[in-house]
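Next comes my_file22.txt, with compact mmCIF, C-alpha atoms and all ligand atoms.
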```txt
# COMPACT_ATOMS: atom_id res chain seq x y z
CA MET A 1 57.76 81.99 22.88
CA SER A 2 58.01 85.76 22.58
CA ARG A 3 61.23 87.66 23.24
CA THR A 4 62.34 90.86 24.92
CA ALA A 5 64.14 93.38 22.72
CA SER A 6 67.55 94.41 24.02
CA ASP A 7 68.40 98.05 24.80
CA VAL A 8 70.74 98.08 21.80
CA GLU A 9 67.92 96.93 19.53
CA LEU A 10 65.50 99.49 20.98
CA GLY A 11 68.11 102.21 20.50
CA LEU A 12 68.62 101.17 16.90
CA ARG A 13 64.88 101.15 16.21
CA GLN A 14 64.60 104.63 17.70
CA GLN A 15 67.41 105.91 15.48
CA LEU A 16 65.84 104.32 12.39
CA ASN A 17 62.50 105.98 13.24
CA THR A 18 64.20 109.34 13.73
CA LEU A 19 65.90 109.05 10.35
CA VAL A 20 62.57 108.24 8.65
CA ARG A 21 60.95 111.25 10.39
CA LEU A 22 63.76 113.46 9.07
CA TYR A 23 63.41 112.07 5.54
CA VAL A 24 59.62 112.53 5.40
CA GLY A 25 60.06 116.12 6.67
CA GLN A 26 62.57 116.72 3.89
CA ILE A 27 60.20 115.26 1.27
CA VAL A 28 57.24 117.53 2.12
CA LYS A 29 59.57 120.54 2.07
CA SER A 30 60.87 119.66 -1.41
CA VAL A 31 57.91 118.08 -3.20
CA THR A 32 54.81 120.25 -3.48
CA GLU A 33 51.25 118.90 -3.77
CA THR A 34 51.29 120.03 -7.42
CA GLU A 35 54.47 118.11 -8.19
CA ALA A 36 53.16 115.08 -6.25
CA ARG A 37 50.23 114.85 -8.65
CA THR A 38 52.69 114.39 -11.54
CA LEU A 39 54.56 111.47 -9.90
CA GLU A 40 54.08 107.82 -10.89
CA PRO A 41 50.89 106.42 -9.26
CA HIS A 42 52.74 104.40 -6.60
CA PHE A 43 54.74 107.47 -5.61
CA GLN A 44 51.49 109.41 -5.28
CA ARG A 45 50.43 106.80 -2.70
CA PHE A 46 53.87 106.92 -1.10
CA TYR A 47 53.52 110.72 -0.86
CA ARG A 48 50.15 110.38 0.93
CA TRP A 49 51.85 108.04 3.41
CA VAL A 50 54.68 110.57 3.82
CA GLN A 51 52.16 113.35 4.56
CA GLN A 52 50.44 111.16 7.14
CA LYS A 53 53.76 110.44 8.88
CA VAL A 54 54.53 114.18 8.95
CA ARG A 55 51.11 114.87 10.51
CA GLU A 56 51.65 112.14 13.10
CA SER A 57 55.06 113.45 14.06
CA GLN A 58 53.82 117.01 14.59
CA SER A 59 52.96 116.07 18.16
CA GLU A 60 56.22 114.17 18.64
CA GLU A 61 59.52 115.61 19.57
CA ILE A 62 62.11 114.72 16.94
CA PRO A 63 65.67 115.01 18.21
CA HIS A 64 67.63 117.67 16.34
CA GLU A 65 69.72 115.17 14.48
CA ASP A 66 71.60 116.00 11.36
CA ILE A 67 70.59 113.68 8.50
CA THR A 68 74.14 113.19 7.21
CA SER A 69 75.67 112.26 10.55
CA LEU A 70 72.74 109.99 11.45
CA GLU A 71 73.06 108.26 8.06
CA ALA A 72 76.78 107.76 8.67
CA ASP A 73 76.18 106.38 12.20
CA LEU A 74 73.45 104.04 11.09
CA SER A 75 75.22 102.79 7.97
CA SER A 76 77.94 101.31 10.14
CA THR A 77 75.53 99.42 12.44
CA GLY A 78 74.25 96.81 9.97
CA VAL A 79 71.83 96.08 7.16
CA ASP A 80 68.90 98.09 8.60
CA GLY A 81 70.71 101.43 8.70
CA LEU A 82 72.56 100.72 5.49
CA MET A 83 69.39 99.99 3.54
CA LEU A 84 67.40 102.89 5.01
CA SER A 85 70.11 105.45 4.34
CA ARG A 86 70.78 104.10 0.86
CA ILE A 87 67.14 104.72 -0.11
CA GLY A 88 66.65 107.84 2.00
CA HIS A 89 69.78 109.52 0.72
CA ASP A 90 68.38 109.39 -2.83
CA ILE A 91 64.68 109.59 -2.06
CA LEU A 92 64.00 112.74 -4.12
CA PRO A 93 65.60 111.45 -7.36
CA ILE A 94 63.89 108.11 -6.70
CA MET A 95 60.45 109.72 -6.42
CA ARG A 96 61.14 111.80 -9.52
CA GLY A 97 62.01 108.68 -11.54
CA GLN A 98 65.68 109.64 -11.91
CA LYS A 99 66.97 106.66 -9.87
CA GLN A 100 65.65 103.11 -9.69
CA PRO A 101 65.03 101.97 -6.09
CA LEU A 102 65.31 98.27 -6.98
CA GLN A 103 68.79 98.81 -8.39
CA LEU A 104 69.80 100.50 -5.14
CA LEU A 105 68.28 97.70 -3.05
CA LEU A 106 70.12 95.08 -5.07
CA LYS A 107 73.48 96.87 -5.30
CA ASP A 108 76.22 94.67 -3.72
CA LYS A 109 73.44 92.09 -3.14
CA LEU A 110 72.36 94.10 -0.08
CA LEU A 111 68.74 92.95 -0.42
CA PHE A 112 69.81 89.30 -0.08
CA ASP A 113 71.60 90.17 3.12
CA TYR A 114 68.80 92.40 4.34
CA TYR A 115 65.90 89.90 4.16
CA PRO A 116 67.32 87.33 6.58
CA ASN A 117 69.26 89.69 8.84
CA ASN A 118 67.12 92.76 9.39
CA ILE A 119 66.03 93.69 12.90
CA HIS A 120 62.34 92.97 12.25
CA THR A 121 62.43 89.63 10.46
CA SER A 122 65.39 87.84 12.08
CA PRO A 123 63.57 87.16 15.41
CA CYS A 124 60.78 85.38 13.49
CA PHE A 125 62.96 82.66 11.93
CA PRO A 126 63.56 80.70 15.15
CA GLN A 127 59.77 80.61 15.63
CA VAL A 128 59.25 79.15 12.14
CA GLU A 129 61.99 76.62 12.83
CA ILE A 130 60.34 75.54 16.10
CA TYR A 131 56.98 75.24 14.38
CA VAL A 132 58.33 73.10 11.52
CA ARG A 133 60.12 70.87 14.01
CA HIS A 134 56.93 70.47 16.03
CA SER A 135 54.96 69.66 12.85
CA LEU A 136 57.50 66.99 11.82
CA GLU A 137 57.46 65.38 15.22
CA THR A 138 53.68 65.28 15.50
CA ALA A 139 52.82 64.36 11.88
CA LYS A 140 51.01 61.04 11.61
CA GLN A 141 52.11 60.61 8.02
CA LYS A 142 54.58 62.18 5.55
CA LEU A 143 54.39 65.97 6.02
CA ASN A 144 53.55 67.77 2.79
CA ILE A 145 54.89 71.36 3.10
CA LEU A 146 54.43 74.14 0.54
CA GLU A 147 56.11 77.53 0.79
CA LEU A 148 54.49 80.52 -0.91
CA GLY A 149 56.57 83.46 -2.19
CA ALA A 150 59.76 81.70 -1.11
CA GLY A 151 61.94 84.11 -3.14
CA THR A 152 65.52 84.19 -1.95
CA GLY A 153 64.81 81.44 0.59
CA GLY A 154 65.42 83.30 3.86
CA THR A 155 62.58 81.51 5.62
CA THR A 156 63.21 78.23 3.80
CA ARG A 157 66.59 78.16 5.50
CA ALA A 158 64.86 78.22 8.90
CA ALA A 159 62.52 75.42 7.83
CA PHE A 160 65.44 73.29 6.64
CA ARG A 161 67.35 73.86 9.86
CA ALA A 162 64.46 72.01 11.53
CA ILE A 163 64.29 69.36 8.80
CA GLY A 164 68.09 68.92 8.88
CA GLU A 165 68.12 68.42 12.67
CA TYR A 166 65.30 65.90 12.37
CA ALA A 167 67.20 64.08 9.59
CA LYS A 168 70.31 63.85 11.78
CA GLN A 169 68.30 62.00 14.42
CA ARG A 170 66.44 59.71 12.04
CA GLY A 171 69.11 59.16 9.41
CA SER A 172 66.78 60.13 6.57
CA VAL A 173 63.66 62.22 6.15
CA ALA A 174 62.71 61.17 2.62
CA ASP A 175 59.75 59.20 3.97
CA ARG A 176 58.78 61.94 6.45
CA VAL A 177 58.61 65.20 4.48
CA HIS A 178 58.17 66.78 1.06
CA TYR A 179 58.80 70.50 0.47
CA THR A 180 57.35 72.40 -2.49
CA TYR A 181 59.20 75.67 -3.02
CA THR A 182 57.08 78.20 -4.92
CA ASP A 183 57.23 81.82 -6.01
CA ILE A 184 55.57 83.98 -8.67
CA SER A 185 58.99 84.22 -10.28
CA ALA A 186 60.75 81.02 -11.36
CA GLY A 187 63.92 83.16 -11.61
CA PHE A 188 64.66 82.39 -7.93
CA PHE A 189 64.72 78.61 -8.41
CA LYS A 190 68.21 78.14 -9.84
CA GLU A 191 69.90 79.75 -6.86
CA ALA A 192 67.52 78.04 -4.41
CA LYS A 193 68.24 74.61 -5.93
CA ALA A 194 71.95 75.19 -5.40
CA ARG A 195 71.44 76.51 -1.90
CA PHE A 196 69.28 73.62 -0.74
CA LYS A 197 71.03 70.91 -2.80
CA ASP A 198 71.48 68.67 0.25
CA PHE A 199 67.70 68.32 0.38
CA ALA A 200 67.10 67.88 -3.36
CA SER A 201 65.46 64.49 -2.84
CA VAL A 202 62.62 65.97 -0.79
CA MET A 203 62.11 69.20 -2.78
CA THR A 204 60.01 70.29 -5.76
CA PHE A 205 60.17 73.76 -7.33
CA GLN A 206 57.05 75.12 -8.98
CA LYS A 207 55.81 78.54 -10.03
CA LEU A 208 52.74 79.75 -8.11
CA ASP A 209 51.02 83.14 -8.40
CA LEU A 210 49.01 83.98 -5.29
CA GLU A 211 46.65 86.11 -7.36
CA ALA A 212 45.23 83.01 -9.13
CA LEU A 213 43.59 79.82 -7.89
CA PRO A 214 46.23 77.10 -7.35
CA SER A 215 43.88 74.57 -8.99
CA THR A 216 44.39 76.47 -12.25
CA GLN A 217 48.19 76.30 -11.82
CA ASN A 218 48.76 72.54 -11.71
CA PHE A 219 48.75 72.03 -7.95
CA ASP A 220 47.17 69.08 -6.12
CA VAL A 221 44.80 71.17 -4.07
CA GLY A 222 43.55 70.01 -0.68
CA THR A 223 46.66 67.90 -0.10
CA TYR A 224 49.13 70.08 1.77
CA ASP A 225 49.60 69.78 5.54
CA LEU A 226 51.57 72.97 6.13
CA ILE A 227 51.90 76.22 4.21
CA ILE A 228 54.73 78.62 5.02
CA ALA A 229 54.26 82.21 3.82
CA SER A 230 56.80 84.78 4.87
CA GLN A 231 56.36 88.43 3.89
CA CYS A 232 54.75 87.65 0.57
CA LEU A 233 51.00 87.71 1.31
CA HIS A 234 50.97 91.52 1.66
CA ALA A 235 52.31 91.81 -1.91
CA THR A 236 48.90 90.92 -3.34
CA LYS A 237 45.83 92.92 -4.31
CA ASN A 238 43.10 91.45 -2.14
CA MET A 239 43.90 89.62 1.08
CA THR A 240 40.60 87.71 1.28
CA ARG A 241 41.14 86.36 -2.22
CA THR A 242 44.79 85.55 -1.48
CA MET A 243 43.95 83.61 1.68
CA ALA A 244 41.16 81.74 -0.13
CA HIS A 245 43.84 80.66 -2.62
CA ALA A 246 46.12 79.53 0.21
CA ARG A 247 43.19 77.67 1.80
CA GLU A 248 42.52 75.79 -1.44
CA LEU A 249 45.93 74.13 -1.17
CA LEU A 250 45.45 72.81 2.37
CA ARG A 251 43.71 69.68 3.53
CA PRO A 252 41.14 70.23 6.30
CA GLY A 253 43.15 70.46 9.53
CA GLY A 254 46.22 71.70 7.60
CA LYS A 255 48.05 74.73 8.97
CA VAL A 256 49.36 77.99 7.61
CA VAL A 257 52.31 79.61 9.35
CA MET A 258 52.94 83.13 8.17
CA VAL A 259 55.34 85.95 8.92
CA GLU A 260 53.79 89.34 8.28
CA GLY A 261 53.96 92.93 9.49
CA THR A 262 51.23 93.44 12.10
CA ARG A 263 52.26 96.90 13.35
CA GLU A 264 54.00 99.45 11.20
CA ALA A 265 57.80 99.53 11.03
CA LEU A 266 58.58 103.00 9.68
CA ASP A 267 61.85 101.95 8.09
CA ILE A 268 60.25 99.00 6.25
CA SER A 269 57.39 101.21 4.97
CA PHE A 270 59.86 103.85 3.83
CA ILE A 271 62.22 101.42 2.06
CA PHE A 272 59.64 99.19 0.37
CA GLY A 273 57.11 101.98 -0.17
CA THR A 274 59.34 103.07 -3.06
CA LEU A 275 58.38 99.90 -4.98
CA PRO A 276 55.08 99.56 -6.89
CA GLY A 277 54.49 96.09 -5.36
CA TRP A 278 54.03 97.68 -1.90
CA TRP A 279 50.95 99.53 -3.11
CA LEU A 280 48.91 96.75 -4.75
CA GLY A 281 46.36 96.53 -1.91
CA GLU A 282 42.90 97.46 -3.16
CA GLU A 283 40.98 97.35 0.12
CA GLU A 284 40.03 100.56 1.91
CA THR A 285 42.07 99.47 4.95
CA ARG A 286 45.21 98.87 2.86
CA GLN A 287 45.57 102.27 1.23
CA LEU A 288 48.40 103.52 3.48
CA THR A 289 49.96 100.16 4.30
CA PRO A 290 49.64 96.76 2.63
CA CYS A 291 49.87 95.04 6.03
CA LEU A 292 47.05 93.92 8.33
CA ASP A 293 46.99 94.11 12.11
CA VAL A 294 46.15 91.02 14.16
CA PRO A 295 42.36 91.65 14.43
CA GLN A 296 42.23 92.24 10.65
CA TRP A 297 44.09 88.96 10.07
CA ASP A 298 41.67 87.17 12.36
CA GLU A 299 38.74 88.47 10.32
CA VAL A 300 40.29 87.55 6.94
CA LEU A 301 41.27 84.08 8.15
CA ARG A 302 37.78 83.35 9.51
CA ALA A 303 36.22 84.55 6.25
CA THR A 304 38.38 82.22 4.16
CA GLY A 305 37.98 78.82 5.82
CA PHE A 306 40.51 79.11 8.65
CA ASN A 307 39.97 79.22 12.40
CA GLY A 308 41.39 82.75 12.81
CA THR A 309 44.62 83.76 14.50
CA GLU A 310 45.13 80.60 16.55
CA LEU A 311 48.66 81.50 17.60
CA VAL A 312 50.38 84.89 17.34
CA VAL A 313 54.03 85.36 18.28
CA PRO A 314 55.17 88.97 17.85
CA ASN A 315 58.84 89.69 17.10
CA CYS A 316 59.23 91.28 20.53
CA ASP A 317 57.08 91.09 23.62
CA SER A 318 56.03 94.73 23.80
CA GLU A 319 52.64 95.55 22.26
CA GLU A 320 53.94 98.98 21.34
CA LEU A 321 57.25 97.95 19.90
CA HIS A 322 56.57 94.77 17.99
CA THR A 323 56.43 95.08 14.20
CA LEU A 324 56.19 91.61 12.63
CA SER A 325 54.41 88.52 13.94
CA VAL A 326 54.42 84.82 13.24
CA ILE A 327 50.77 83.77 12.91
CA VAL A 328 49.46 80.21 12.79
CA SER A 329 45.98 79.25 11.66
CA THR A 330 44.21 75.95 10.90
CA ALA A 331 42.10 75.13 7.86
CA VAL A 332 38.61 74.16 9.04
C1 LIG B 1 59.73 90.15 0.65
S1 LIG B 1 60.01 88.79 -0.42
C2 LIG B 1 60.05 87.51 0.78
C3 LIG B 1 60.86 86.34 0.31
C4 LIG B 1 60.92 85.12 1.24
N1 LIG B 1 59.61 84.66 1.65
C5 LIG B 1 61.81 85.31 2.43
O1 LIG B 1 61.32 85.21 3.55
O2 LIG B 1 63.02 85.56 2.25
C6 LIG B 1 58.44 88.62 -1.20
C7 LIG B 1 58.34 87.47 -2.18
O3 LIG B 1 56.97 87.37 -2.63
C8 LIG B 1 56.97 87.05 -4.01
N2 LIG B 1 55.67 87.44 -4.60
C9 LIG B 1 55.24 88.69 -4.90
N3 LIG B 1 54.01 88.63 -5.46
C10 LIG B 1 53.66 87.33 -5.50
C11 LIG B 1 52.52 86.62 -5.98
N4 LIG B 1 51.50 87.27 -6.54
N5 LIG B 1 52.50 85.28 -5.88
C12 LIG B 1 53.54 84.61 -5.33
N6 LIG B 1 54.65 85.21 -4.85
C13 LIG B 1 54.72 86.56 -4.93
C14 LIG B 1 58.15 87.83 -4.57
O4 LIG B 1 58.59 87.32 -5.81
C15 LIG B 1 59.18 87.67 -3.45
O5 LIG B 1 59.98 86.55 -3.64
```

Before we go any further, please render this structure as structure tokens.
Amino acid sequence: MSRTASDVELGLRQQLNTLVRLYVGQIVKSVTETEARTLEPHFQRFYRWVQQKVRESQSEEIPHEDITSLEADLSSTGVDGLMLSRIGHDILPIMRGQKQPLQLLLKDKLLFDYYPNNIHTSPCFPQVEIYVRHSLETAKQKLNILELGAGTGGTTRAAFRAIGEYAKQRGSVADRVHYTYTDISAGFFKEAKARFKDFASVMTFQKLDLEALPSTQNFDVGTYDLIIASQCLHATKNMTRTMAHARELLRPGGKVVMVEGTREALDISFIFGTLPGWWLGEEETRQLTPCLDVPQWDEVLRATGFNGTELVVPNCDSEELHTLSVIVSTAV
């Protein structure tokens, strides 16, 4: 079920957008086209995105806000403002290679707090939880779940809320579910094992790179009932190839439930656009954003052995204001 954004949330989003508009204005004033050509390749793409945002905002009225006071206001409201102002405040040295954005994102473990609690992603977790619960209750046999790009486990937590509730009712779930936790980096597994230790008996941890066929990475392909993929698919070079890899893992009739950006969130693009991984997309349509809109997802899914966007739940019920969506599709 979709949800209505509160006035407070809409106000916050508006302030975040204003701050991004101010930052991009500042960037084009300070970085010339000539200097932009000397930047690292991913910052050259970031700069093209910045220019596009400046062009788009020429017709928009930007409130005469002062960057410093808006940064101060937003930093006290939560992870969204804190993260945006942390990156924005240093955006020029970041683009010039004098400061490392990843270090800033990770400082005080802010990134770990940001993933599960930011304004865009947090409304999607209850949807994933409901879907996992529904899958457990309707499964005719043991449910074989695999999570792609599980990373710090923000979405895994939602899945295990559902599994935990189900376990409370049944006493045990060992005969009802198995969960394979994967990521391109095995470095996440130690912390995840500790975090989900109560479910150790139903979990396996295994490295999986979405850029390569799972059959070449020691996976039992065609055996999984449910794939969970939250904000990791866009971090790959070619979405058709990536989804074909995901499809290889599923049995016919298996489902993928994904959380992905389906309409641009300016603050997310600005923050993560400073990282090379944001700019891996090779397709024509992914030059200014790695994300796909819903019709593009439908096309990719149909081309890769799925039935298209069977179910789409945006993170708020307004077409114009939603940013991320939970999408479900079935392997045909
Ligand atoms: C934005 S994080 C999302 C983490 C997690 N899904 C969550 O919801 O908290 C993106 C994750 O995708 C992983 N990733 C990036 N490229 C990948 C690839 N080629 N194959 C598998 N995982 C990848 C990263 O290591 C990272 O953990």

| query | In Å to one decimal, how far is atom CA of A:Ser329 from atom CA of A:Gly308? | reply | 5.9 Å

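Distances here use all atoms listed in the file; by that measure, the residue among A:Asp209, A:Glu165, A:Glu33, A:Glu61 closest to ligand LIG 1 (chain B) is A:Asp209.
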
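Each of A:Thr223, A:Ser230, A:Gln141, A:Ser135 was compared to A:Ile163 using all atoms listed in the file, and A:Ser135 turns out to be the nearest.
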
| request: Measuring atom to atom with only C-alpha atoms, identify which of A:Met239, A:Val332, A:Leu288, A:Cys124 is nearest to A:Pro314. | output: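 For A:Pro314, the nearest of the candidates is A:Cys124.
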
| Between atom CA of A:Val28 and atom CA of A:His64, what is the spacing in Å? |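 Separation between atom CA of A:His64 and atom CA of A:Val28: 17.6 Å.
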
| query | So which one's closest to ligand LIG 1 (chain B), A:Gln169, A:Ser201, A:Thr285, A:Thr156? Using only C-alpha atoms and all ligand atoms, please. | reply |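 Using only C-alpha atoms and all ligand atoms, ligand LIG 1 (chain B) sits closest to A:Thr156.
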
| said: Can you pull out every residue with an atom within 9 Å of ligand LIG 1 (chain B)? Use all atoms listed in the file and format it as a PyMOL selection string. | reply: chain A and resi 112+115-116+121+125+147-157+182-188+207-212+228-237+242+259+277

| query | Restricting the calculation to only C-alpha atoms, which member of A:Gly305, A:Gly88, A:Pro63, A:Gly78 is positioned closest to A:Asp113? | reply |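 With only C-alpha atoms as the atom set, the closest residue is A:Gly78.
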
| field | Best match for closeness to A:Ala303 among A:Gln100, A:Ser215, A:Thr180, A:Thr240, counting only C-alpha atoms | value |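 Of all the options, A:Thr240 lies closest to A:Ala303.
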
| request: Mind giving me the straight-line distance from atom CA of A:Ile130 to atom CA of A:Arg161 in Å, one decimal? | output: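 Between these atoms lies a distance of 9.5 Å.
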
Using all atoms listed in the file, I'd like a table of the residues in stretch 264-311 of chain A that come within 8 Å of stretch 82-86 of chain A; for each, show the closest atom pair and its distance in Å rounded to one decimal, ordered by chain and ascending number, as JSON lines.
```
{"residue": "A:Asp267", "atom": "CA", "partner": "A:Leu84", "partner_atom": "CA", "distance": 6.4}
{"residue": "A:Phe270", "atom": "CA", "partner": "A:Leu84", "partner_atom": "CA", "distance": 7.7}
{"residue": "A:Ile271", "atom": "CA", "partner": "A:Leu84", "partner_atom": "CA", "distance": 6.1}
```

| said: Residues within 12 Å of A:Asp90, please, as a ChimeraX atom specification. Count only C-alpha atoms; anything in the same chain fewer than 4 positions from it doesn't count. | reply: /A:23,26-27,71,83-86,94-101,103-105,271,274

May I have the residues from that selection written out with C-alpha atoms, as a CSV table (one decimal), in the coordinates of the input?
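Printed below is result.csv as written:
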```csv
chain,number,residue,atom,x,y,z
A,23,TYR,CA,63.4,112.1,5.5
A,26,GLN,CA,62.6,116.7,3.9
A,27,ILE,CA,60.2,115.3,1.3
A,71,GLU,CA,73.1,108.3,8.1
A,83,MET,CA,69.4,100.0,3.5
A,84,LEU,CA,67.4,102.9,5.0
A,85,SER,CA,70.1,105.4,4.3
A,86,ARG,CA,70.8,104.1,0.9
A,94,ILE,CA,63.9,108.1,-6.7
A,95,MET,CA,60.4,109.7,-6.4
A,96,ARG,CA,61.1,111.8,-9.5
A,97,GLY,CA,62.0,108.7,-11.5
A,98,GLN,CA,65.7,109.6,-11.9
A,99,LYS,CA,67.0,106.7,-9.9
A,100,GLN,CA,65.6,103.1,-9.7
A,101,PRO,CA,65.0,102.0,-6.1
A,103,GLN,CA,68.8,98.8,-8.4
A,104,LEU,CA,69.8,100.5,-5.1
A,105,LEU,CA,68.3,97.7,-3.0
A,271,ILE,CA,62.2,101.4,2.1
A,274,THR,CA,59.3,103.1,-3.1
```

Write out as an mmCIF file with C-alpha atoms, in the coordinates of the input which residues come within 12 Å of A:Thr77 when counting only C-alpha atoms, dropping same-chain ones fewer than 4 positions away.
```cif
data_model
loop_
_atom_site.group_PDB
_atom_site.id
_atom_site.type_symbol
_atom_site.label_atom_id
_atom_site.label_comp_id
_atom_site.auth_asym_id
_atom_site.auth_seq_id
_atom_site.Cartn_x
_atom_site.Cartn_y
_atom_site.Cartn_z
ATOM 1 C CA VAL A 8 70.740 98.080 21.800
ATOM 2 C CA GLU A 9 67.920 96.930 19.530
ATOM 3 C CA GLY A 11 68.110 102.210 20.500
ATOM 4 C CA LEU A 12 68.620 101.170 16.900
ATOM 5 C CA ARG A 13 64.880 101.150 16.210
ATOM 6 C CA GLN A 15 67.410 105.910 15.480
ATOM 7 C CA LEU A 16 65.840 104.320 12.390
ATOM 8 C CA LEU A 70 72.740 109.990 11.450
ATOM 9 C CA GLU A 71 73.060 108.260 8.060
ATOM 10 C CA ALA A 72 76.780 107.760 8.670
ATOM 11 C CA ASP A 73 76.180 106.380 12.200
ATOM 12 C CA GLY A 81 70.710 101.430 8.700
ATOM 13 C CA LEU A 82 72.560 100.720 5.490
ATOM 14 C CA MET A 83 69.390 99.990 3.540
ATOM 15 C CA LEU A 84 67.400 102.890 5.010
ATOM 16 C CA SER A 85 70.110 105.450 4.340
ATOM 17 C CA ASN A 118 67.120 92.760 9.390
ATOM 18 C CA ILE A 119 66.030 93.690 12.900
#
```

Complete the atom set of stretch 66-78 of chain A to N, CA and C atoms and return it as a PDB file, in the coordinates of the input.
```pdb
ATOM      1  N   ASP A  66      71.235 115.585  12.701  1.00  0.00           N
ATOM      2  CA  ASP A  66      71.600 116.000  11.360  1.00  0.00           C
ATOM      3  C   ASP A  66      71.529 114.735  10.478  1.00  0.00           C
ATOM      4  N   ILE A  67      70.819 114.853   9.333  1.00  0.00           N
ATOM      5  CA  ILE A  67      70.590 113.680   8.500  1.00  0.00           C
ATOM      6  C   ILE A  67      71.918 112.994   8.145  1.00  0.00           C
ATOM      7  N   THR A  68      72.889 113.790   7.694  1.00  0.00           N
ATOM      8  CA  THR A  68      74.140 113.190   7.210  1.00  0.00           C
ATOM      9  C   THR A  68      74.869 112.413   8.302  1.00  0.00           C
ATOM     10  N   SER A  69      74.916 112.992   9.518  1.00  0.00           N
ATOM     11  CA  SER A  69      75.670 112.260  10.550  1.00  0.00           C
ATOM     12  C   SER A  69      74.878 111.044  11.026  1.00  0.00           C
ATOM     13  N   LEU A  70      73.537 111.156  11.052  1.00  0.00           N
ATOM     14  CA  LEU A  70      72.740 109.990  11.450  1.00  0.00           C
ATOM     15  C   LEU A  70      72.870 108.869  10.408  1.00  0.00           C
ATOM     16  N   GLU A  71      72.865 109.260   9.129  1.00  0.00           N
ATOM     17  CA  GLU A  71      73.060 108.260   8.060  1.00  0.00           C
ATOM     18  C   GLU A  71      74.409 107.560   8.239  1.00  0.00           C
ATOM     19  N   ALA A  72      75.442 108.347   8.525  1.00  0.00           N
ATOM     20  CA  ALA A  72      76.780 107.760   8.670  1.00  0.00           C
ATOM     21  C   ALA A  72      76.806 106.815   9.871  1.00  0.00           C
ATOM     22  N   ASP A  73      76.212 107.246  10.997  1.00  0.00           N
ATOM     23  CA  ASP A  73      76.180 106.380  12.200  1.00  0.00           C
ATOM     24  C   ASP A  73      75.464 105.085  11.909  1.00  0.00           C
ATOM     25  N   LEU A  74      74.295 105.216  11.291  1.00  0.00           N
ATOM     26  CA  LEU A  74      73.450 104.040  11.090  1.00  0.00           C
ATOM     27  C   LEU A  74      74.013 103.086  10.044  1.00  0.00           C
ATOM     28  N   SER A  75      74.681 103.645   9.040  1.00  0.00           N
ATOM     29  CA  SER A  75      75.220 102.790   7.970  1.00  0.00           C
ATOM     30  C   SER A  75      76.257 101.820   8.498  1.00  0.00           C
ATOM     31  N   SER A  76      76.884 102.198   9.636  1.00  0.00           N
ATOM     32  CA  SER A  76      77.940 101.310  10.140  1.00  0.00           C
ATOM     33  C   SER A  76      77.376 100.291  11.131  1.00  0.00           C
ATOM     34  N   THR A  77      76.053 100.339  11.415  1.00  0.00           N
ATOM     35  CA  THR A  77      75.530  99.420  12.440  1.00  0.00           C
ATOM     36  C   THR A  77      74.984  98.117  11.856  1.00  0.00           C
ATOM     37  N   GLY A  78      74.780  98.058  10.542  1.00  0.00           N
ATOM     38  CA  GLY A  78      74.250  96.810   9.970  1.00  0.00           C
ATOM     39  C   GLY A  78      73.306  97.065   8.825  1.00  0.00           C
TER      40      GLY A  78
END
```
